[in-house]
Amino acid sequence: MAAALSAAGPRSIRRWPLALAAVLLAVGGVFAAAEVMGWPWLAAPLQQTLSETLGRRVRIADGPGFQLRLVGGLRVKSSHVEIDAPPWSAEPHLLRADELALELRYIDLWRARRGQGLRVESLSAAHLDAHLERLADGRVSWPAGPAPGAARAALPAFGRLQLGQGSLTYHDVPLAIDVKARVSWTGADSPEAQTHGRPLSGVLRVDANGQVRRLPLKLELIASGVVPAGLAPIGPVPLSMKASIGRAQLVFAGTAADVLHMDGLAGRYELKGPSLAAVGDLVGVTLPTTAAFQTQGTVQRDAESWRVVVDAATVGASRLDGAFVYDRGGRVPLLSGRLGGARLLLADLGPVVGTTPAATAAPLAAGAASAPVSLPASTRGSGKVLPNRTFDLPALRAMDANVLIDIDSVDLNTSLLEPLRPLRTHLLLGGGVLTLRNLDARTAQGRLSGELALDGRESTALWRADLRWSDVRLERWIRQERANAAPPFVSGRLNGRATLTGQGRSTAEILGSLKGQVRTDLRGGSVSHLAVEAAGIDVAQSLGVLLRGDDALPVTCAVADLVAERGALRASTLVIDTSDSTVWITGALSLADETLDLRAVVSPKDFSPLALRTPLRVRGSFARPQVSLEKSALGRKVASALLLGLINPLAALVPLLDPGDADSAARGASGCRALMERSGAARARG
């Protein structure tokens with residue numbers, strides 16, 4: 001009997017693998033059969049599982065209208081699916097779909113359960129209706145898992161999407177978005193698809209209306225050749241788009257490799273509106289506040305970057321062009337490229353330095369439909385002239401920039417000064433610091449060079465300037481049109497340097513805190529003879545000049561050395577020496593309160609029989625300067641003339657006789673020349 005048991009043992013051990021294989025085969029057969037049948041009995045458990053996973057009640061049609069596939073991911077087909085809106089929402093549902101085909105990867109479901117946001121691998125439906133909301137406290141209506149944080153703000157991501165007809169409403173309080181959109185996909189056998197002249201899989205159309213940041217939005221997008229979900233792409237498909245946001249309008253015609261995500265976008269665009277800043281805010285790019293603009297060119301989008309070529313741009317009366325790359329792949333977006341053009345008016349970029357552009361009162365180019373924008377006016381009190389519009393410092397920290405600038409002509413927004421022709425510089429923006437390096441501008445046969453920087457890392461901007469100018473012809477730079485071919489009031493080659501720093505939240509505040517030094521001198525110049533005599537109140541010689549006609553007095557020396565402290569520019573030295581007189585100017589002008597108090601003293605080198613020579617005072621505000629004579633000195637001369645006139649009328653002329661002061665003038669001229677020599681040596685050292 002033991003022998004029999006020992007013989008049966010090995011045979012029973014050998015049967016276990018066969019039995020196990022049979023069980024596995026049976027289970028596999030049942031699973032395969034269930035997979036083929038579509039697991040109809042799992043509709044209710046799946047509904048419960050999805051409800052728990054997504055945090056929303058899910059209803060799935062059961063019976064013949066339901067199919068489930070588990071191999072390779074969760075794939076569901078249902079004649080009807082509905083996901084409830086959260087209890088706090090007034091919307092009828094979050095999502096409702098008819099003839100739905102949904103594909104979810106298990107890894108995506110696991111991530112969604114951990115609060116990383118939901119990704120849908122594939123979604124197709126004959127009809128879909130979705131309502132998405134985000135409240136001011138950060139709550140979102142779409143499934144985002146239980147964990148708070150950035151994932152709660154993320155919209156569901158889609159791999160492939162196909163819709164017969166669809167509608168979407170999106171209400172986002174933090175972003176001030178309230179949009180309703182209709183989406184449709186028409187098959188290749190439809191008349192609409194056939195009009196494009198080649199076999200296409202279908203036409204996707206999106207029509208959206210609503211508001212973005214309280215600006216009205218209207219969008220129409222048509223993409224031809226869109227393939228159904230799950231099929232291989234057929235390459236870039238034709239895409240056209242028309243959009244208006246507020247008064248900004250965009251027209252695009254081109255192609256896209258992925259219409260859903262706008263990947264591989266390439267084509268031509270036309271864009272116009274009331275200000276570049278409004279467009280930049282909407283797309284996340286820091287652009288300056290400008291006058292009304294209109295631009296056209298080409299655009300191309302890769303995975304993380306946009307490439308834009310501006311063939312022609314009209315900003316107010318400015319005419320510009322350029323080519324730029326906007327890269328979002330780094331920690332901070334980077335804008336790089338070049339900006340050029342035939343003409344730039346500072347008035348069109350006025351708000352960048354705190355003013356309201358004059359060009360905003362002018363319409364766009366012919367044919368433009370947009371009206372000009374009204375920009376906030378300065379809040380300064382009456383009589384103030386310096387721009388005081390607050391800088392948008394956070395915008396400096398929103399991105400970095402590396403742009404080469406080369407513009408043929410820059411108008412300084414005044415008819416008194418000659419434009420810069422050309423202007424070249426290198427604009428760098430990094431970490432909130434804006435710098436204009438290698439500044440090189442030509443004007444009036446002279447040159448302006450140096451560097452400017454604005455540090456916007458803190459709530460108050462820090463500004464610094466190191467500027468040099470050389471051989472600027474004053475008679476050309478300052479336009480001085482005079483009647484009867486009279487010579488200009490001042491001429492010559494102006495040279496100098498300014499090293500200044502300041503801080504503030506506007507141009508006016510920075511100028512009101514200036515600290516540094518400005519030195520300049522005039523070489524090979526001349527001044528109006530009449531102006532010099534009038535400044536000295538020399539009646540006799542002024543009448544003589546008027547009778548024979550004004551002429552130009554050669555300037556043997558002219559130097560200005562100004563020291564800036566707390567916004568006040570004080571003249572430590574300001575002297576003009578001519579063959580006729582030496583003029584000394586003392587005093588200061590305050591950029592902090594926009595006032596000036598200057599005193600000019602003329603030391604004549606010759607005799608005059610009739611002169612009320614007395615110091616000249618210039619006081620008051622920048623908006624309303626007042627010119628007057630120093631009353632004490634003038635009063636003494638007039639009183640002496642009156643008293644002597646009581647004795648003898650001819651004796652009244654004695655106080656008005658001016659023998660001149662050649663020694664004082666000579667000392668002034670000598671000191672002036674010494675200052676000019678030191679100034680020239682300092683410039684030579686750089």
# chains A, B, ... in the order shown; residues from 1 in each chain; ligands from 1
$ residues_around --residues "segment 69-76 of chain A" --least-positions-apart "3" --cutoff "8 Å" --atoms "only C-alpha atoms" --output "PDB file with N, CA, C and O atoms, in the first residue's frame"
ATOM      1  N   GLU A  35     -14.219  41.203 -21.917  1.00  0.00           N
ATOM      2  CA  GLU A  35     -13.653  42.338 -22.643  1.00  0.00           C
ATOM      3  C   GLU A  35     -14.343  42.525 -23.978  1.00  0.00           C
ATOM      4  O   GLU A  35     -14.617  43.652 -24.409  1.00  0.00           O
ATOM      5  N   GLY A  38     -17.745  43.899 -23.374  1.00  0.00           N
ATOM      6  CA  GLY A  38     -17.723  45.283 -22.903  1.00  0.00           C
ATOM      7  C   GLY A  38     -18.094  45.439 -21.449  1.00  0.00           C
ATOM      8  O   GLY A  38     -18.433  46.556 -21.020  1.00  0.00           O
ATOM      9  N   TRP A  39     -18.013  44.373 -20.665  1.00  0.00           N
ATOM     10  CA  TRP A  39     -18.271  44.443 -19.234  1.00  0.00           C
ATOM     11  C   TRP A  39     -19.558  45.212 -18.894  1.00  0.00           C
ATOM     12  O   TRP A  39     -19.539  46.163 -18.099  1.00  0.00           O
ATOM     13  N   PHE A  66     -23.620  50.905 -23.233  1.00  0.00           N
ATOM     14  CA  PHE A  66     -22.403  50.993 -22.432  1.00  0.00           C
ATOM     15  C   PHE A  66     -21.404  49.935 -22.867  1.00  0.00           C
ATOM     16  O   PHE A  66     -21.753  48.762 -23.075  1.00  0.00           O
ATOM     17  N   LEU A 100     -20.527  59.177 -26.095  1.00  0.00           N
ATOM     18  CA  LEU A 100     -19.199  59.485 -25.585  1.00  0.00           C
ATOM     19  C   LEU A 100     -18.243  58.316 -25.759  1.00  0.00           C
ATOM     20  O   LEU A 100     -18.607  57.160 -25.522  1.00  0.00           O
ATOM     21  N   ALA A 101     -17.026  58.620 -26.162  1.00  0.00           N
ATOM     22  CA  ALA A 101     -15.925  57.660 -26.155  1.00  0.00           C
ATOM     23  C   ALA A 101     -14.780  58.303 -25.384  1.00  0.00           C
ATOM     24  O   ALA A 101     -14.219  59.313 -25.819  1.00  0.00           O
ATOM     25  N   LEU A 102     -14.452  57.712 -24.231  1.00  0.00           N
ATOM     26  CA  LEU A 102     -13.488  58.312 -23.318  1.00  0.00           C
ATOM     27  C   LEU A 102     -12.358  57.328 -23.061  1.00  0.00           C
ATOM     28  O   LEU A 102     -12.595  56.141 -22.827  1.00  0.00           O
ATOM     29  N   GLU A 103     -11.126  57.812 -23.090  1.00  0.00           N
ATOM     30  CA  GLU A 103      -9.970  56.981 -22.805  1.00  0.00           C
ATOM     31  C   GLU A 103      -9.124  57.665 -21.740  1.00  0.00           C
ATOM     32  O   GLU A 103      -8.708  58.816 -21.893  1.00  0.00           O
ATOM     33  N   LEU A 104      -8.876  56.936 -20.649  1.00  0.00           N
ATOM     34  CA  LEU A 104      -8.067  57.434 -19.540  1.00  0.00           C
ATOM     35  C   LEU A 104      -6.961  56.432 -19.247  1.00  0.00           C
ATOM     36  O   LEU A 104      -7.212  55.223 -19.172  1.00  0.00           O
ATOM     37  N   ARG A 105      -5.762  56.925 -19.067  1.00  0.00           N
ATOM     38  CA  ARG A 105      -4.670  56.045 -18.659  1.00  0.00           C
ATOM     39  C   ARG A 105      -4.727  55.873 -17.139  1.00  0.00           C
ATOM     40  O   ARG A 105      -5.097  56.792 -16.404  1.00  0.00           O
ATOM     41  N   TYR A 106      -4.316  54.690 -16.691  1.00  0.00           N
ATOM     42  CA  TYR A 106      -4.357  54.417 -15.256  1.00  0.00           C
ATOM     43  C   TYR A 106      -3.423  55.348 -14.488  1.00  0.00           C
ATOM     44  O   TYR A 106      -3.739  55.788 -13.381  1.00  0.00           O
TER      45      TYR A 106
END
$ closest_residue --among "A:Pro615, A:Gly524, A:Pro216, A:Gly504" --to "Arg473 of chain A" --atoms "only C-alpha atoms"
A:Gly524
$ atom_distance --atom1 "atom CA of Ser89 of chain A" --atom2 "atom CA of Lys218 of chain A"
25.5 Å
$ closest_residue --among "A:Leu511, A:Phe489, A:Gly166, A:Leu420" --to "Arg464 of chain A" --atoms "only C-alpha atoms"
A:Leu511
$ residues_around --residues "Gly450 of chain A" --least-positions-apart "2" --cutoff "6 Å" --atoms "only C-alpha atoms" --output "PDB file with N, CA, C and O atoms, in the first residue's frame"
ATOM      1  N   LEU A 439      24.518 102.991 -25.770  1.00  0.00           N
ATOM      2  CA  LEU A 439      23.674 103.999 -26.397  1.00  0.00           C
ATOM      3  C   LEU A 439      24.501 104.844 -27.357  1.00  0.00           C
ATOM      4  O   LEU A 439      25.556 105.377 -26.987  1.00  0.00           O
ATOM      5  N   ASP A 466      24.650 107.620 -17.205  1.00  0.00           N
ATOM      6  CA  ASP A 466      26.010 108.069 -17.499  1.00  0.00           C
ATOM      7  C   ASP A 466      26.029 108.413 -18.984  1.00  0.00           C
ATOM      8  O   ASP A 466      26.150 107.542 -19.837  1.00  0.00           O
ATOM      9  N   LEU A 467      25.882 109.686 -19.294  1.00  0.00           N
ATOM     10  CA  LEU A 467      25.717 110.139 -20.669  1.00  0.00           C
ATOM     11  C   LEU A 467      26.826 111.113 -21.038  1.00  0.00           C
ATOM     12  O   LEU A 467      27.247 111.942 -20.223  1.00  0.00           O
ATOM     13  N   ARG A 468      27.264 111.024 -22.298  1.00  0.00           N
ATOM     14  CA  ARG A 468      28.257 111.953 -22.844  1.00  0.00           C
ATOM     15  C   ARG A 468      27.726 112.507 -24.158  1.00  0.00           C
ATOM     16  O   ARG A 468      27.053 111.797 -24.915  1.00  0.00           O
TER      17      ARG A 468
END
$ residues_around --residues "Asp129 of chain A" --least-positions-apart "4" --cutoff "6 Å" --atoms "only C-alpha atoms" --output "ChimeraX atom specification"
/A:95-96,166-168
$ residues_around --residues "segment 571-575 of chain A" --least-positions-apart "3" --cutoff "6 Å" --atoms "only C-alpha atoms" --output "list of chain:residue names"
A:Ala558, A:Val559, A:Ala560, A:Asp561, A:Leu562, A:Val583, A:Trp584, A:Ile585, A:Thr586, A:Gly587
